[in-house]
Each structure stands twice: as C-alpha cells, then as structure tokens.
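**Q** File follows, input-v3.pdb with PDB, C-alpha atoms:
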ATOM      1  CA  ILE T   1      -5.388 -24.776   6.573
ATOM      2  CA  LYS T   2      -7.912 -21.988   6.149
ATOM      3  CA  SER T   3      -6.183 -20.134   3.291
ATOM      4  CA  PRO T   4      -4.167 -22.596   1.179
ATOM      5  CA  SER T   5      -3.127 -19.984  -1.392
ATOM      6  CA  SER T   6      -1.561 -17.762   1.285
ATOM      7  CA  THR T   7      -0.085 -20.487   3.504
ATOM      8  CA  PHE T   8       3.472 -21.762   3.344
ATOM      9  CA  LEU T   9       5.828 -23.973   5.327
ATOM     10  CA  PHE T  10       8.943 -22.584   7.000
ATOM     11  CA  ARG T  11      11.767 -24.653   8.519
ATOM     12  CA  VAL T  12      13.152 -23.177  11.757
ATOM     13  CA  GLU T  13      16.896 -22.647  12.095
ATOM     14  CA  GLY T  14      17.950 -21.488  15.544
ATOM     15  CA  GLU T  15      16.781 -21.447  19.121
ATOM     16  CA  SER T  16      15.329 -17.971  19.695
ATOM     17  CA  MET T  17      11.788 -19.326  20.238
ATOM     18  CA  THR T  18      12.405 -22.367  22.458
ATOM     19  CA  GLY T  19      10.420 -20.715  25.260
ATOM     20  CA  VAL T  20       7.188 -21.237  23.305
ATOM     21  CA  GLY T  21       8.045 -24.742  22.106
ATOM     22  CA  ILE T  22       9.452 -23.819  18.687
ATOM     23  CA  ASN T  23      12.792 -25.567  18.262
ATOM     24  CA  ASP T  24      15.580 -25.769  15.694
ATOM     25  CA  GLY T  25      14.400 -27.971  12.811
ATOM     26  CA  ASP T  26      10.663 -27.593  13.487
ATOM     27  CA  LEU T  27       8.366 -27.022  10.538
ATOM     28  CA  LEU T  28       6.062 -24.010  10.867
ATOM     29  CA  ILE T  29       2.773 -23.422   9.094
ATOM     30  CA  VAL T  30       2.631 -19.717   8.265
ATOM     31  CA  ASP T  31      -0.444 -17.875   6.971
ATOM     32  CA  ARG T  32       0.187 -14.622   5.112
ATOM     33  CA  SER T  33      -3.524 -13.707   5.038
ATOM     34  CA  ILE T  34      -3.741 -13.240   8.832
ATOM     35  CA  MET T  35      -3.304  -9.674  10.082
ATOM     36  CA  PRO T  36      -0.256  -9.607  12.376
ATOM     37  CA  LYS T  37      -1.258  -8.522  15.894
ATOM     38  CA  HIS T  38       0.678  -7.728  19.040
ATOM     39  CA  GLY T  39       1.991 -10.863  20.743
ATOM     40  CA  LYS T  40       1.629 -13.185  17.746
ATOM     41  CA  VAL T  41       4.547 -15.327  16.596
ATOM     42  CA  VAL T  42       5.514 -14.187  13.115
ATOM     43  CA  VAL T  43       7.996 -14.852  10.355
ATOM     44  CA  ALA T  44       9.655 -11.575   9.420
ATOM     45  CA  MET T  45      12.314 -10.326   7.028
ATOM     46  CA  VAL T  46      15.150  -8.426   8.724
ATOM     47  CA  GLY T  47      18.082  -7.188   6.667
ATOM     48  CA  GLY T  48      17.578  -9.855   3.996
ATOM     49  CA  ASP T  49      17.192 -12.736   6.472
ATOM     50  CA  MET T  50      14.059 -14.476   7.701
ATOM     51  CA  THR T  51      13.443 -14.773  11.445
ATOM     52  CA  VAL T  52      10.783 -16.148  13.781
ATOM     53  CA  ASN T  53       9.891 -13.989  16.787
ATOM     54  CA  ARG T  54       6.968 -12.593  18.762
ATOM     55  CA  LEU T  55       5.621  -9.312  17.372
ATOM     56  CA  ASN T  56       5.734  -6.465  19.894
ATOM     57  CA  LEU T  57       3.599  -3.554  18.695
ATOM     58  CA  LYS T  58       3.571  -1.833  22.107
ATOM     59  CA  SER T  59       7.209  -0.782  21.869
ATOM     60  CA  ASN T  60       8.068   2.346  19.908
ATOM     61  CA  PRO T  61       9.143   1.521  17.278
ATOM     62  CA  PRO T  62       7.675  -1.985  17.016
ATOM     63  CA  GLN T  63      10.140  -4.801  17.628
ATOM     64  CA  LEU T  64      10.504  -8.569  17.431
ATOM     65  CA  ASP T  65      10.949 -10.348  20.767
ATOM     66  CA  PRO T  66      12.538 -13.779  21.214
ATOM     67  CA  ALA T  67      11.153 -16.458  23.557
ATOM     68  CA  ASN T  68      14.618 -17.360  24.797
ATOM     69  CA  PRO T  69      16.401 -15.159  27.373
ATOM     70  CA  HIS T  70      19.759 -15.725  25.644
ATOM     71  CA  PHE T  71      18.621 -13.692  22.611
ATOM     72  CA  LYS T  72      17.975  -9.956  22.249
ATOM     73  CA  SER T  73      14.930  -8.244  20.772
ATOM     74  CA  ILE T  74      15.231  -7.103  17.177
ATOM     75  CA  THR T  75      14.762  -3.358  17.031
ATOM     76  CA  GLU T  76      15.887  -2.705  13.455
ATOM     77  CA  GLU T  77      13.418  -2.295  10.605
ATOM     78  CA  PHE T  78      11.545  -5.468   9.615
ATOM     79  CA  THR T  79       8.706  -6.666   7.406
ATOM     80  CA  VAL T  80       6.236  -9.272   8.640
ATOM     81  CA  TRP T  81       5.802 -12.072   6.089
ATOM     82  CA  GLY T  82       3.154 -14.056   7.908
ATOM     83  CA  VAL T  83       1.699 -15.302  11.171
ATOM     84  CA  VAL T  84       2.683 -18.717  12.527
ATOM     85  CA  THR T  85      -0.427 -20.874  13.005
ATOM     86  CA  SER T  86       1.189 -24.224  13.903
ATOM     87  CA  SER T  87       4.513 -25.854  14.672
ATOM     88  CA  ILE T  88       5.371 -29.425  13.739
ATOM     89  CA  THR T  89       8.174 -31.132  15.650
ATOM     90  CA  GLU T  90       9.854 -34.124  14.100
ATOM     91  CA  LEU T  91      10.332 -36.911  16.630
TER      92      LEU T  91
END
As structure tokens, what does this structure read like?

**A**
Amino acid sequence: IKSPSSTFLFRVEGESMTGVGINDGDLLIVDRSIMPKHGKVVVAMVGGDMTVNRLNLKSNPPQLDPANPHFKSITEEFTVWGVVTSSITEL
C-alpha cells in the first residue's frame, strides 16, 4: 500500500464487475490519492449509494461502465471516491 492514510477496504456487493474478475463478496483495496483516469476501475458514489465500475471519461457526460453485459452503464451524476488497486477473493 503506497498511501496508507488514503487507502481503504471496500467489500463488493453485486455482480456488475465479474468480467474483470471482481465478484460479489470480494474485498477491494481502494486508494483515494490516485487520480481517476479513463478506463480505471473506481468506487463511486451515485445517489447516496456506493458502486464499483469502470470510469468512462470519453463519453459526454462521463459515465460508469459495468464489466458484465447484464448491467447498464450509469449515466447519472456521480462522485469518484477512489481507484481500485487490488481485489482479494476469499476462497
């Protein structure tokens, strides 16, 4: 962990990111000091709820894209909380 004071753990609930190996129940390491860039997996706040999706800055306006074809992109306003740096799967 490069920035302990800005890093937190986030437990995944849902299956919107299964296409990149992030599954329901996984534990994510999220760094809030990393600048969110296009294509990065991020934790974001949308309408009072936290979500994990891929940041799409090339769409206008920016959106959050899932890695599961059964889910739709999030096009409503959101705030990025941090960038996912690792995923831990419990066996």

**Q** May I have the residues within 10 Å of T:Thr89 as number ranges by chain, using only C-alpha atoms and disregarding those fewer than 4 positions away in the same chain?

**A** T: 21-28

**Q** Decode the PyMOL selection byres ((chain T and resi 48) around 12) for the given file into explicit residues and return them as a list in words.

**A** Ala44, Met45, Val46, Gly47, Asp49, Met50, Thr51, Glu76, Glu77, Phe78 and Thr79 of chain T

**Q** List the residues selected by the PyMOL selection byres ((chain T and resi 8-19) around 12) in the file shown, writing them as a ChimeraX atom specification.

**A** /T:1-7,20-33,41-44,49-54,64-74,81-90

**Q** How would the residues just picked look written out with C-alpha atoms as a PDB file, keeping the file's coordinate frame?

**A**
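again_27.pdb was written with the following content:
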ATOM      1  CA  ILE T   1      -5.388 -24.776   6.573  1.00  0.00           C
ATOM      2  CA  LYS T   2      -7.912 -21.988   6.149  1.00  0.00           C
ATOM      3  CA  SER T   3      -6.183 -20.134   3.291  1.00  0.00           C
ATOM      4  CA  PRO T   4      -4.167 -22.596   1.179  1.00  0.00           C
ATOM      5  CA  SER T   5      -3.127 -19.984  -1.392  1.00  0.00           C
ATOM      6  CA  SER T   6      -1.561 -17.762   1.285  1.00  0.00           C
ATOM      7  CA  THR T   7      -0.085 -20.487   3.504  1.00  0.00           C
ATOM      8  CA  VAL T  20       7.188 -21.237  23.305  1.00  0.00           C
ATOM      9  CA  GLY T  21       8.045 -24.742  22.106  1.00  0.00           C
ATOM     10  CA  ILE T  22       9.452 -23.819  18.687  1.00  0.00           C
ATOM     11  CA  ASN T  23      12.792 -25.567  18.262  1.00  0.00           C
ATOM     12  CA  ASP T  24      15.580 -25.769  15.694  1.00  0.00           C
ATOM     13  CA  GLY T  25      14.400 -27.971  12.811  1.00  0.00           C
ATOM     14  CA  ASP T  26      10.663 -27.593  13.487  1.00  0.00           C
ATOM     15  CA  LEU T  27       8.366 -27.022  10.538  1.00  0.00           C
ATOM     16  CA  LEU T  28       6.062 -24.010  10.867  1.00  0.00           C
ATOM     17  CA  ILE T  29       2.773 -23.422   9.094  1.00  0.00           C
ATOM     18  CA  VAL T  30       2.631 -19.717   8.265  1.00  0.00           C
ATOM     19  CA  ASP T  31      -0.444 -17.875   6.971  1.00  0.00           C
ATOM     20  CA  ARG T  32       0.187 -14.622   5.112  1.00  0.00           C
ATOM     21  CA  SER T  33      -3.524 -13.707   5.038  1.00  0.00           C
ATOM     22  CA  VAL T  41       4.547 -15.327  16.596  1.00  0.00           C
ATOM     23  CA  VAL T  42       5.514 -14.187  13.115  1.00  0.00           C
ATOM     24  CA  VAL T  43       7.996 -14.852  10.355  1.00  0.00           C
ATOM     25  CA  ALA T  44       9.655 -11.575   9.420  1.00  0.00           C
ATOM     26  CA  ASP T  49      17.192 -12.736   6.472  1.00  0.00           C
ATOM     27  CA  MET T  50      14.059 -14.476   7.701  1.00  0.00           C
ATOM     28  CA  THR T  51      13.443 -14.773  11.445  1.00  0.00           C
ATOM     29  CA  VAL T  52      10.783 -16.148  13.781  1.00  0.00           C
ATOM     30  CA  ASN T  53       9.891 -13.989  16.787  1.00  0.00           C
ATOM     31  CA  ARG T  54       6.968 -12.593  18.762  1.00  0.00           C
ATOM     32  CA  LEU T  64      10.504  -8.569  17.431  1.00  0.00           C
ATOM     33  CA  ASP T  65      10.949 -10.348  20.767  1.00  0.00           C
ATOM     34  CA  PRO T  66      12.538 -13.779  21.214  1.00  0.00           C
ATOM     35  CA  ALA T  67      11.153 -16.458  23.557  1.00  0.00           C
ATOM     36  CA  ASN T  68      14.618 -17.360  24.797  1.00  0.00           C
ATOM     37  CA  PRO T  69      16.401 -15.159  27.373  1.00  0.00           C
ATOM     38  CA  HIS T  70      19.759 -15.725  25.644  1.00  0.00           C
ATOM     39  CA  PHE T  71      18.621 -13.692  22.611  1.00  0.00           C
ATOM     40  CA  LYS T  72      17.975  -9.956  22.249  1.00  0.00           C
ATOM     41  CA  SER T  73      14.930  -8.244  20.772  1.00  0.00           C
ATOM     42  CA  ILE T  74      15.231  -7.103  17.177  1.00  0.00           C
ATOM     43  CA  TRP T  81       5.802 -12.072   6.089  1.00  0.00           C
ATOM     44  CA  GLY T  82       3.154 -14.056   7.908  1.00  0.00           C
ATOM     45  CA  VAL T  83       1.699 -15.302  11.171  1.00  0.00           C
ATOM     46  CA  VAL T  84       2.683 -18.717  12.527  1.00  0.00           C
ATOM     47  CA  THR T  85      -0.427 -20.874  13.005  1.00  0.00           C
ATOM     48  CA  SER T  86       1.189 -24.224  13.903  1.00  0.00           C
ATOM     49  CA  SER T  87       4.513 -25.854  14.672  1.00  0.00           C
ATOM     50  CA  ILE T  88       5.371 -29.425  13.739  1.00  0.00           C
ATOM     51  CA  THR T  89       8.174 -31.132  15.650  1.00  0.00           C
ATOM     52  CA  GLU T  90       9.854 -34.124  14.100  1.00  0.00           C
TER      53      GLU T  90
END

**Q** What does the PyMOL selection byres ((chain T and resi 38) around 6) select in this file, as a PyMOL selection string?

**A** chain T and resi 37+39-40+55-57

**Q** Let me have the centre and edge lengths in Å, one decimal, of the box along x, y and z around every listed atom of stretch 37-47 of chain T with 3 Å of margin on each side, as JSON.

**A**
{"center_x": 8.4, "center_y": -11.3, "center_z": 13.7, "size_x": 25.3, "size_y": 14.1, "size_z": 20.1}
